[in-house]
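K.L.:
Just so it is clear, I am handing over entry-v8.cif, which has mmCIF, C-alpha atoms and all ligand atoms.
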```
data_model
loop_
_atom_site.group_PDB
_atom_site.id
_atom_site.type_symbol
_atom_site.label_atom_id
_atom_site.label_comp_id
_atom_site.auth_asym_id
_atom_site.auth_seq_id
_atom_site.Cartn_x
_atom_site.Cartn_y
_atom_site.Cartn_z
ATOM 1 C CA MET A 4 -25.975 26.178 83.461
ATOM 2 C CA GLU A 5 -28.968 25.880 85.737
ATOM 3 C CA THR A 6 -29.525 23.205 88.299
ATOM 4 C CA ARG A 7 -32.904 22.766 89.811
ATOM 5 C CA THR A 8 -32.943 21.594 93.373
ATOM 6 C CA ASP A 9 -36.394 22.845 94.201
ATOM 7 C CA ARG A 10 -38.327 20.203 92.325
ATOM 8 C CA PRO A 11 -39.105 16.661 93.369
ATOM 9 C CA THR A 12 -37.210 14.024 91.414
ATOM 10 C CA THR A 13 -40.150 11.690 91.025
ATOM 11 C CA ARG A 14 -43.025 13.156 89.146
ATOM 12 C CA PRO A 15 -46.312 11.762 87.888
ATOM 13 C CA ALA A 16 -46.242 10.126 84.452
ATOM 14 C CA VAL A 17 -48.784 12.626 83.212
ATOM 15 C CA PRO A 18 -48.263 16.251 84.169
ATOM 16 C CA GLU A 19 -50.910 17.707 86.428
ATOM 17 C CA HIS A 20 -52.805 20.587 84.918
ATOM 18 C CA ARG A 21 -51.026 23.736 85.824
ATOM 19 C CA PRO A 22 -51.613 27.370 85.024
ATOM 20 C CA ALA A 23 -49.121 28.833 82.545
ATOM 21 C CA PRO A 24 -46.047 28.990 84.744
ATOM 22 C CA ALA A 25 -43.798 31.944 85.170
ATOM 23 C CA SER A 26 -40.123 31.316 84.571
ATOM 24 C CA PRO A 27 -38.727 29.292 87.429
ATOM 25 C CA ALA A 28 -36.644 31.193 89.890
ATOM 26 C CA GLY A 29 -33.099 31.718 88.708
ATOM 27 C CA THR A 30 -33.819 31.625 84.970
ATOM 28 C CA ASP A 31 -33.429 34.953 83.269
ATOM 29 C CA HIS A 32 -34.897 35.250 79.820
ATOM 30 C CA SER A 33 -33.653 37.969 77.546
ATOM 31 C CA PRO A 34 -36.124 39.727 75.246
ATOM 32 C CA ASN A 35 -33.245 39.892 72.751
ATOM 33 C CA ALA A 36 -32.699 36.146 72.576
ATOM 34 C CA PRO A 37 -33.515 34.690 69.169
ATOM 35 C CA ILE A 38 -35.306 31.799 70.879
ATOM 36 C CA SER A 39 -36.627 31.913 74.438
ATOM 37 C CA ILE A 40 -38.135 28.656 75.628
ATOM 38 C CA HIS A 41 -40.187 29.250 78.759
ATOM 39 C CA ASP A 42 -40.863 26.133 80.805
ATOM 40 C CA VAL A 43 -42.151 24.084 77.886
ATOM 41 C CA THR A 44 -43.690 20.648 78.391
ATOM 42 C CA VAL A 45 -44.831 18.571 75.403
ATOM 43 C CA ALA A 46 -46.695 15.256 75.423
ATOM 44 C CA TYR A 47 -47.881 12.872 72.733
ATOM 45 C CA ASP A 48 -51.029 10.993 73.740
ATOM 46 C CA ARG A 49 -50.621 12.301 77.286
ATOM 47 C CA LYS A 50 -47.153 10.790 77.532
ATOM 48 C CA PRO A 51 -44.663 13.619 78.192
ATOM 49 C CA VAL A 52 -41.623 13.666 75.937
ATOM 50 C CA LEU A 53 -40.267 17.092 76.860
ATOM 51 C CA TRP A 54 -40.394 18.265 80.412
ATOM 52 C CA ASP A 55 -39.965 21.837 81.654
ATOM 53 C CA VAL A 56 -37.512 22.896 78.999
ATOM 54 C CA ASP A 57 -36.434 26.377 79.937
ATOM 55 C CA LEU A 58 -33.597 28.187 78.213
ATOM 56 C CA ASP A 59 -32.568 30.957 75.866
ATOM 57 C CA VAL A 60 -30.693 30.165 72.684
ATOM 58 C CA PRO A 61 -27.979 32.816 72.313
ATOM 59 C CA GLU A 62 -27.709 34.893 69.162
ATOM 60 C CA GLY A 63 -25.211 34.262 66.403
ATOM 61 C CA ARG A 64 -24.178 30.830 67.589
ATOM 62 C CA LEU A 65 -23.985 27.480 65.925
ATOM 63 C CA VAL A 66 -25.850 25.348 68.420
ATOM 64 C CA GLY A 67 -25.768 21.544 68.597
ATOM 65 C CA LEU A 68 -28.872 19.905 70.042
ATOM 66 C CA ILE A 69 -27.556 16.615 71.379
ATOM 67 C CA GLY A 70 -29.194 13.629 73.037
ATOM 68 C CA PRO A 71 -30.025 9.945 72.573
ATOM 69 C CA ASN A 72 -32.728 8.596 70.259
ATOM 70 C CA GLY A 73 -36.157 9.506 71.532
ATOM 71 C CA ALA A 74 -34.776 12.293 73.745
ATOM 72 C CA GLY A 75 -37.198 14.785 72.239
ATOM 73 C CA LYS A 76 -34.777 16.677 69.977
ATOM 74 C CA SER A 77 -37.054 16.746 66.925
ATOM 75 C CA THR A 78 -39.994 17.517 69.186
ATOM 76 C CA LEU A 79 -38.155 20.500 70.642
ATOM 77 C CA LEU A 80 -37.551 21.944 67.167
ATOM 78 C CA LYS A 81 -41.213 21.366 66.350
ATOM 79 C CA ALA A 82 -42.274 23.035 69.593
ATOM 80 C CA ILE A 83 -40.196 26.084 68.671
ATOM 81 C CA LEU A 84 -41.887 26.134 65.263
ATOM 82 C CA GLY A 85 -45.365 25.678 66.719
ATOM 83 C CA LEU A 86 -45.795 22.324 64.939
ATOM 84 C CA VAL A 87 -46.701 20.403 68.104
ATOM 85 C CA PRO A 88 -49.034 21.614 70.839
ATOM 86 C CA VAL A 89 -47.362 22.397 74.145
ATOM 87 C CA ILE A 90 -49.037 21.315 77.371
ATOM 88 C CA SER A 91 -47.589 24.241 79.204
ATOM 89 C CA GLY A 92 -45.081 26.983 78.664
ATOM 90 C CA ARG A 93 -44.393 29.154 75.653
ATOM 91 C CA VAL A 94 -41.754 30.057 73.130
ATOM 92 C CA ALA A 95 -40.766 33.578 72.173
ATOM 93 C CA ILE A 96 -38.780 34.574 69.090
ATOM 94 C CA TYR A 97 -36.871 37.790 69.799
ATOM 95 C CA GLY A 98 -39.272 38.408 72.657
ATOM 96 C CA LYS A 99 -42.441 38.069 70.568
ATOM 97 C CA PRO A 100 -44.878 35.228 69.916
ATOM 98 C CA LEU A 101 -44.086 32.913 67.046
ATOM 99 C CA SER A 102 -47.186 34.009 65.127
ATOM 100 C CA LYS A 103 -45.591 37.423 64.613
ATOM 101 C CA GLN A 104 -42.105 36.109 63.877
ATOM 102 C CA ARG A 105 -42.596 33.122 61.614
ATOM 103 C CA LYS A 106 -40.702 34.715 58.748
ATOM 104 C CA LEU A 107 -37.552 34.821 60.839
ATOM 105 C CA LEU A 108 -37.412 31.024 61.033
ATOM 106 C CA GLY A 109 -36.056 28.563 58.489
ATOM 107 C CA TYR A 110 -36.591 24.852 59.063
ATOM 108 C CA VAL A 111 -34.772 21.866 57.636
ATOM 109 C CA PRO A 112 -36.844 18.829 58.652
ATOM 110 C CA GLN A 113 -35.495 15.332 59.153
ATOM 111 C CA ARG A 114 -35.040 13.868 55.686
ATOM 112 C CA GLU A 115 -36.888 10.636 56.444
ATOM 113 C CA SER A 116 -39.971 12.571 57.517
ATOM 114 C CA VAL A 117 -40.636 13.647 53.933
ATOM 115 C CA ASP A 118 -42.310 11.860 51.010
ATOM 116 C CA TRP A 119 -39.617 11.988 48.341
ATOM 117 C CA ASP A 120 -41.876 10.320 45.754
ATOM 118 C CA PHE A 121 -43.948 13.467 45.504
ATOM 119 C CA PRO A 122 -43.769 14.557 41.851
ATOM 120 C CA VAL A 123 -42.052 17.928 42.005
ATOM 121 C CA THR A 124 -38.706 19.237 40.840
ATOM 122 C CA VAL A 125 -35.810 20.428 42.951
ATOM 123 C CA ARG A 126 -36.522 24.046 42.011
ATOM 124 C CA ASP A 127 -40.205 23.616 42.956
ATOM 125 C CA VAL A 128 -39.286 22.430 46.441
ATOM 126 C CA VAL A 129 -36.985 25.377 47.015
ATOM 127 C CA GLN A 130 -39.561 27.848 45.725
ATOM 128 C CA MET A 131 -42.307 26.303 47.812
ATOM 129 C CA GLY A 132 -40.350 27.353 50.856
ATOM 130 C CA LEU A 133 -41.009 30.951 49.834
ATOM 131 C CA TYR A 134 -44.766 30.840 49.315
ATOM 132 C CA GLY A 135 -45.516 31.812 52.881
ATOM 133 C CA GLN A 136 -43.453 34.942 52.561
ATOM 134 C CA VAL A 137 -45.046 36.975 49.809
ATOM 135 C CA GLY A 138 -48.078 36.879 47.555
ATOM 136 C CA TRP A 139 -48.579 35.424 44.125
ATOM 137 C CA PHE A 140 -47.872 38.535 42.083
ATOM 138 C CA ARG A 141 -45.917 37.908 38.960
ATOM 139 C CA ARG A 142 -43.035 40.201 39.829
ATOM 140 C CA LEU A 143 -42.563 38.504 43.163
ATOM 141 C CA ARG A 144 -42.668 35.109 41.487
ATOM 142 C CA ARG A 145 -39.791 36.172 39.315
ATOM 143 C CA GLU A 146 -37.981 37.220 42.463
ATOM 144 C CA HIS A 147 -38.717 33.766 43.908
ATOM 145 C CA VAL A 148 -37.151 32.036 40.953
ATOM 146 C CA ARG A 149 -34.071 34.190 41.332
ATOM 147 C CA ARG A 150 -33.748 33.494 45.048
ATOM 148 C CA ALA A 151 -34.330 29.789 44.589
ATOM 149 C CA ASP A 152 -31.712 29.549 41.856
ATOM 150 C CA GLU A 153 -29.224 31.528 43.926
ATOM 151 C CA ALA A 154 -29.746 29.172 46.861
ATOM 152 C CA LEU A 155 -29.354 26.108 44.632
ATOM 153 C CA GLU A 156 -26.098 27.549 43.401
ATOM 154 C CA ARG A 157 -24.846 27.978 46.971
ATOM 155 C CA VAL A 158 -25.370 24.294 47.685
ATOM 156 C CA GLY A 159 -23.982 23.139 44.330
ATOM 157 C CA MET A 160 -27.311 21.917 42.943
ATOM 158 C CA THR A 161 -27.722 24.198 39.923
ATOM 159 C CA ASP A 162 -27.343 21.344 37.450
ATOM 160 C CA LEU A 163 -30.097 19.353 39.143
ATOM 161 C CA ALA A 164 -32.660 22.161 39.462
ATOM 162 C CA ASP A 165 -35.113 20.566 37.011
ATOM 163 C CA ARG A 166 -34.747 17.026 38.276
ATOM 164 C CA GLN A 167 -37.589 15.207 40.054
ATOM 165 C CA ILE A 168 -36.854 14.929 43.763
ATOM 166 C CA SER A 169 -37.542 11.173 43.637
ATOM 167 C CA GLN A 170 -34.342 10.816 41.608
ATOM 168 C CA LEU A 171 -31.979 12.341 44.146
ATOM 169 C CA SER A 172 -29.432 10.676 46.406
ATOM 170 C CA GLY A 173 -29.629 11.227 50.160
ATOM 171 C CA GLY A 174 -26.921 13.889 50.064
ATOM 172 C CA GLN A 175 -28.664 15.693 47.222
ATOM 173 C CA GLN A 176 -31.986 15.594 49.080
ATOM 174 C CA GLN A 177 -30.294 17.201 52.061
ATOM 175 C CA ARG A 178 -28.837 19.921 49.843
ATOM 176 C CA VAL A 179 -32.319 20.673 48.487
ATOM 177 C CA PHE A 180 -33.574 21.223 52.014
ATOM 178 C CA LEU A 181 -30.662 23.488 52.778
ATOM 179 C CA ALA A 182 -31.248 25.484 49.601
ATOM 180 C CA ARG A 183 -34.879 25.849 50.579
ATOM 181 C CA ALA A 184 -33.921 27.213 53.995
ATOM 182 C CA LEU A 185 -31.258 29.507 52.503
ATOM 183 C CA ALA A 186 -33.740 30.933 50.003
ATOM 184 C CA GLN A 187 -35.939 31.929 52.935
ATOM 185 C CA ASP A 188 -33.065 34.099 54.142
ATOM 186 C CA ALA A 189 -34.065 33.455 57.753
ATOM 187 C CA GLN A 190 -32.525 34.930 60.859
ATOM 188 C CA ILE A 191 -32.813 31.651 62.757
ATOM 189 C CA TYR A 192 -32.312 28.199 61.267
ATOM 190 C CA LEU A 193 -33.584 24.996 62.841
ATOM 191 C CA MET A 194 -32.116 21.895 61.230
ATOM 192 C CA ASP A 195 -32.975 18.321 62.110
ATOM 193 C CA GLU A 196 -29.967 16.055 61.524
ATOM 194 C CA PRO A 197 -28.697 17.804 58.401
ATOM 195 C CA PHE A 198 -25.791 15.361 58.163
ATOM 196 C CA ALA A 199 -27.799 12.154 58.402
ATOM 197 C CA GLY A 200 -27.039 9.850 55.497
ATOM 198 C CA VAL A 201 -24.857 12.270 53.517
ATOM 199 C CA ASP A 202 -21.393 11.524 52.150
ATOM 200 C CA SER A 203 -18.396 13.180 53.736
ATOM 201 C CA ALA A 204 -17.956 15.738 50.934
ATOM 202 C CA THR A 205 -21.539 16.897 51.420
ATOM 203 C CA GLU A 206 -21.057 16.945 55.172
ATOM 204 C CA LYS A 207 -18.010 19.199 54.785
ATOM 205 C CA SER A 208 -19.841 21.590 52.504
ATOM 206 C CA ILE A 209 -22.835 21.725 54.861
ATOM 207 C CA VAL A 210 -20.528 22.480 57.800
ATOM 208 C CA ALA A 211 -18.921 25.294 55.807
ATOM 209 C CA LEU A 212 -22.338 26.682 54.984
ATOM 210 C CA LEU A 213 -23.411 26.563 58.629
ATOM 211 C CA HIS A 214 -20.288 28.446 59.622
ATOM 212 C CA ASP A 215 -21.003 31.051 56.925
ATOM 213 C CA LEU A 216 -24.509 31.530 58.302
ATOM 214 C CA ARG A 217 -23.193 31.873 61.840
ATOM 215 C CA ASN A 218 -20.499 34.300 60.722
ATOM 216 C CA ALA A 219 -23.204 36.367 59.055
ATOM 217 C CA GLY A 220 -24.865 36.698 62.467
ATOM 218 C CA ARG A 221 -27.556 34.079 61.983
ATOM 219 C CA THR A 222 -28.475 31.689 64.754
ATOM 220 C CA VAL A 223 -28.400 28.021 63.786
ATOM 221 C CA VAL A 224 -29.692 25.115 65.889
ATOM 222 C CA CYS A 225 -28.845 21.643 64.566
ATOM 223 C CA VAL A 226 -29.949 18.307 65.904
ATOM 224 C CA HIS A 227 -26.795 16.222 65.710
ATOM 225 C CA HIS A 228 -26.071 12.649 66.672
ATOM 226 C CA ASP A 229 -22.383 12.132 65.936
ATOM 227 C CA LEU A 230 -20.785 12.808 69.297
ATOM 228 C CA GLN A 231 -17.305 12.752 67.787
ATOM 229 C CA THR A 232 -17.844 15.873 65.686
ATOM 230 C CA VAL A 233 -19.820 17.965 68.180
ATOM 231 C CA ALA A 234 -16.816 19.876 69.520
ATOM 232 C CA ALA A 235 -15.506 20.628 66.037
ATOM 233 C CA TYR A 236 -18.811 21.768 64.553
ATOM 234 C CA PHE A 237 -20.675 23.628 67.299
ATOM 235 C CA ASP A 238 -19.716 26.490 69.581
ATOM 236 C CA TYR A 239 -22.723 25.985 71.859
ATOM 237 C CA VAL A 240 -24.528 22.809 72.882
ATOM 238 C CA ILE A 241 -27.826 21.836 74.452
ATOM 239 C CA LEU A 242 -27.751 18.363 76.000
ATOM 240 C CA LEU A 243 -31.265 16.962 76.099
ATOM 241 C CA ASN A 244 -32.894 13.837 77.394
ATOM 242 C CA MET A 245 -36.525 14.722 77.937
ATOM 243 C CA ARG A 246 -35.214 17.455 80.194
ATOM 244 C CA VAL A 247 -32.340 19.795 79.485
ATOM 245 C CA VAL A 248 -29.316 18.236 81.172
ATOM 246 C CA THR A 249 -27.237 21.317 80.539
ATOM 247 C CA HIS A 250 -26.545 23.969 77.941
ATOM 248 C CA GLY A 251 -23.689 26.354 77.364
ATOM 249 C CA ALA A 252 -20.507 26.999 75.412
ATOM 250 C CA THR A 253 -19.205 23.712 74.041
ATOM 251 C CA ALA A 254 -15.839 24.198 75.716
ATOM 252 C CA ASP A 255 -17.548 24.528 79.113
ATOM 253 C CA VAL A 256 -20.313 21.949 79.104
ATOM 254 C CA TYR A 257 -19.437 19.288 76.526
ATOM 255 C CA THR A 258 -17.782 16.998 79.034
ATOM 256 C CA GLU A 259 -17.781 13.273 79.584
ATOM 257 C CA GLU A 260 -19.668 13.727 82.844
ATOM 258 C CA ASN A 261 -22.462 15.669 81.166
ATOM 259 C CA LEU A 262 -22.611 13.146 78.341
ATOM 260 C CA ARG A 263 -22.984 10.407 80.904
ATOM 261 C CA LYS A 264 -25.885 12.292 82.480
ATOM 262 C CA THR A 265 -27.468 12.641 79.057
ATOM 263 C CA TYR A 266 -26.919 9.162 77.659
ATOM 264 C CA GLY A 267 -27.039 7.102 80.838
ATOM 265 C CA GLY A 268 -25.873 3.566 80.150
ATOM 266 C CA GLN A 269 -25.280 3.816 76.407
ATOM 267 C CA LEU A 270 -21.590 3.166 76.826
ATOM 268 C CA THR A 271 -20.558 2.480 73.252
ATOM 269 C CA LEU A 272 -21.515 5.981 72.311
ATOM 270 C CA LEU A 273 -19.819 7.339 75.368
ATOM 271 C CA SER A 274 -16.493 5.694 74.774
ATOM 272 C CA SER A 275 -16.303 7.011 71.205
ATOM 273 C CA ALA A 276 -17.171 10.475 72.486
ATOM 274 C CA ALA A 277 -14.537 10.189 75.185
ATOM 275 C CA THR A 278 -11.972 9.328 72.518
ATOM 276 C CA ALA A 279 -12.978 12.402 70.550
ATOM 277 C CA LEU A 280 -12.787 14.596 73.657
ATOM 278 C CA ALA A 281 -9.351 13.241 74.483
ATOM 279 C CA GLN A 282 -8.167 13.990 70.938
ATOM 280 C CA ARG A 283 -9.108 17.626 71.415
ATOM 281 C CA HIS A 284 -6.448 18.105 74.076
HETATM 282 N N1 LIG B 301 -46.174 12.060 66.467
HETATM 283 C C1 LIG B 301 -45.829 11.347 67.541
HETATM 284 N N2 LIG B 301 -46.778 10.637 68.235
HETATM 285 C C2 LIG B 301 -46.468 9.924 69.334
HETATM 286 N N3 LIG B 301 -45.216 9.843 69.846
HETATM 287 C C3 LIG B 301 -44.237 10.511 69.218
HETATM 288 C C4 LIG B 301 -44.496 11.288 68.035
HETATM 289 N N4 LIG B 301 -43.328 11.849 67.629
HETATM 290 C C5 LIG B 301 -42.387 11.438 68.512
HETATM 291 N N5 LIG B 301 -42.920 10.640 69.464
HETATM 292 C C6 LIG B 301 -42.213 10.055 70.610
HETATM 293 O O1 LIG B 301 -41.689 11.126 71.362
HETATM 294 C C7 LIG B 301 -40.388 10.838 71.826
HETATM 295 C C8 LIG B 301 -39.423 11.889 71.336
HETATM 296 O O2 LIG B 301 -39.342 11.809 69.931
HETATM 297 P P1 LIG B 301 -38.383 12.738 69.068
HETATM 298 O O3 LIG B 301 -38.651 14.145 69.402
HETATM 299 O O4 LIG B 301 -38.560 12.330 67.654
HETATM 300 O O5 LIG B 301 -36.944 12.313 69.616
HETATM 301 P P2 LIG B 301 -35.495 12.486 68.952
HETATM 302 O O6 LIG B 301 -35.634 13.438 67.804
HETATM 303 O O7 LIG B 301 -34.635 13.005 70.051
HETATM 304 O O8 LIG B 301 -35.070 11.116 68.531
HETATM 305 C C9 LIG B 301 -40.074 9.436 71.347
HETATM 306 O O9 LIG B 301 -40.372 8.551 72.391
HETATM 307 C C10 LIG B 301 -41.001 9.245 70.191
HETATM 308 O O10 LIG B 301 -41.326 7.893 70.033
HETATM 309 MG MG MG B 302 -35.270 13.228 65.795
#
```
Let me see whether you can do it: turn the structure in this file into structure tokens.
Ligand SMILES: Nc1ncnc2c1ncn2[C@@H]1O[C@H](COP(=O)(O)OP(=O)(O)O)[C@@H](O)[C@H]1O
Ligand SMILES: [Mg+2]
P.N.:
Amino acid sequence: METRTDRPTTRPAVPEHRPAPASPAGTDHSPNAPISIHDVTVAYDRKPVLWDVDLDVPEGRLVGLIGPNGAGKSTLLKAILGLVPVISGRVAIYGKPLSKQRKLLGYVPQRESVDWDFPVTVRDVVQMGLYGQVGWFRRLRREHVRRADEALERVGMTDLADRQISQLSGGQQQRVFLARALAQDAQIYLMDEPFAGVDSATEKSIVALLHDLRNAGRTVVCVHHDLQTVAAYFDYVILLNMRVVTHGATADVYTEENLRKTYGGQLTLLSSAATALAQRH
């Protein structure tokens, strides 16, 4: 974990214009890290929502991105994917700019951020995830169908492949997203609250799938809000509240004290997390 003592604690509401900063002293970035976030600041309408985020995500881990509502978790995933402009800093994927590495990334967006009335089938959505990867040649399209169907099978959605997405339950919608990401066969997966609004059977099968991906050497970063399951699901955590409070192996940094630093006064959440932590011992 890194602690910064060299920066003032009160800062202007809008960041001053700075040249692209070098990594702050004490932070080593590895060119082999799947995701290297170098001093990234993001603002919406000049209001900063992520401030000087600086860390490497280690390879082959199942990483929980944890923090209160509005902490900037979704924004951080979007910054990694190049979907929001950064005010300063940069992100490297295995040491190279995103533009060269896009194919290595699979994204599962937050379910509510999508228009589920759009008239397409389940199989269409999964195949659409592949269009960026290869051209429109017929042979490759056949390959797409195969990969999409394989992915739908893995998430137990084969029977619903031809159904309109507007007719799916929340859990089924989430499975479609997962199938889409699986079909991309990415090296790094970024998932925004994959368990939100799913039933417990779906949650269990998603957890199993995430563990499979991790065990196959993939790196998975999941935004997660249920503090009680963090320790069971993730082997690495990033605690975020506009800034990175801490990051590291779950066993080392997922402590009540660090949760308090992350969540401040939101005590209801904290007491349920404390119960879960106590149950671990
Ligand atoms: N497109 C946007 N325009 C303006 N403000 C936004 C936008 N998206 C998110 N925000 C704001 O940025 C902050 C961080 O949002 P978000 O990354 O969605 O947080 P989290 O995912 O941790 O709940 C919040 O205050 C949110 O209201
Ligand atoms: Mg979010």
K.L.:
What is the distance, in Å and to one decimal place, between atom CA of A:Gln113 and atom CA of A:Ile209?
P.N.:
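Taking atom CA of A:Gln113 as the start and atom CA of A:Ile209 as the end point, the length is 14.8 Å.
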K.L.:
Find the residues of chain A that sit at most 7 Å from ligand LIG 301 (chain B); for each, write down the nearest two atoms and how far apart they are in Å, to one decimal. Count only C-alpha atoms and all ligand atoms. Sort by chain, then by number going up, and give it as CSV.
P.N.:
```
residue,atom,partner,partner_atom,distance
A:Tyr47,CA,B:LIG301,C2,4.7
A:Asp48,CA,B:LIG301,C2,6.4
A:Val52,CA,B:LIG301,C7,5.1
A:Gly70,CA,B:LIG301,O7,6.2
A:Pro71,CA,B:LIG301,O7,6.1
A:Asn72,CA,B:LIG301,O8,3.8
A:Gly73,CA,B:LIG301,O5,3.5
A:Ala74,CA,B:LIG301,O7,3.8
A:Gly75,CA,B:LIG301,O3,3.3
A:Lys76,CA,B:LIG301,O7,3.7
A:Ser77,CA,B:LIG301,O6,3.7
A:Thr78,CA,B:LIG301,O3,3.6
A:Leu79,CA,B:LIG301,O3,6.5
```
K.L.:
Using all atoms listed in the file, which of A:Ile83, A:Ala254, A:Leu107, A:Cys225 sits nearest ligand MG 302 (chain B)?
P.N.:
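Between A:Ile83, A:Ala254, A:Leu107, A:Cys225, the residue approaching ligand MG 302 (chain B) most closely is A:Cys225.
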K.L.:
A:Ile241: which residues within 12 Å, counting only C-alpha atoms, same-chain residues fewer than 2 positions away excluded, as a PyMOL selection string?
P.N.:
chain A and resi 4+56-61+64-70+74-76+79+224-227+233+237-239+243-253+255-257+261-262+265
K.L.:
For A:Ala95, list every protein, DNA or RNA residue within 8 Å, evaluated using only C-alpha atoms, and leave out those in the same chain fewer than 5 positions away; present the list as a ChimeraX atom specification.
P.N.:
/A:37-41,100-101
K.L.:
For this structure, which residues satisfy the selection - the PyMOL selection byres (((chain A and resi 201-203) around 9) and not hetatm) - when it is evaluated on the file as given? I want them as number ranges by chain.
P.N.:
A: 172-175, 177, 197-200, 204-208
K.L.:
For atom MG of ligand MG 302 (chain B) and atom CA of A:Leu230, quote the distance in Å rounded to one decimal.
P.N.:
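Atom MG of ligand MG 302 (chain B) sits 14.9 Å away from atom CA of A:Leu230.
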K.L.:
Between atom CA of A:Gly109 and atom CA of A:Arg166, what distance in Å does the model show, to one decimal?
P.N.:
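Calculated distance between atom CA of A:Gly109 and atom CA of A:Arg166 is 23.3 Å.
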K.L.:
Taking into account only C-alpha atoms, which residue in the set A:Met131, A:Ala189, A:Val125, A:Ile90 is nearest to A:Leu53?
P.N.:
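Of all the options, A:Ile90 lies closest to A:Leu53.
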K.L.:
Select, from A:Ala186, A:Leu80, A:Ala154, A:Val43, the residue with the minimum atom-to-atom distance to ligand MG 302 (chain B), counting all atoms listed in the file.
P.N.:
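Closest residue, counting all atoms listed in the file: A:Leu80.
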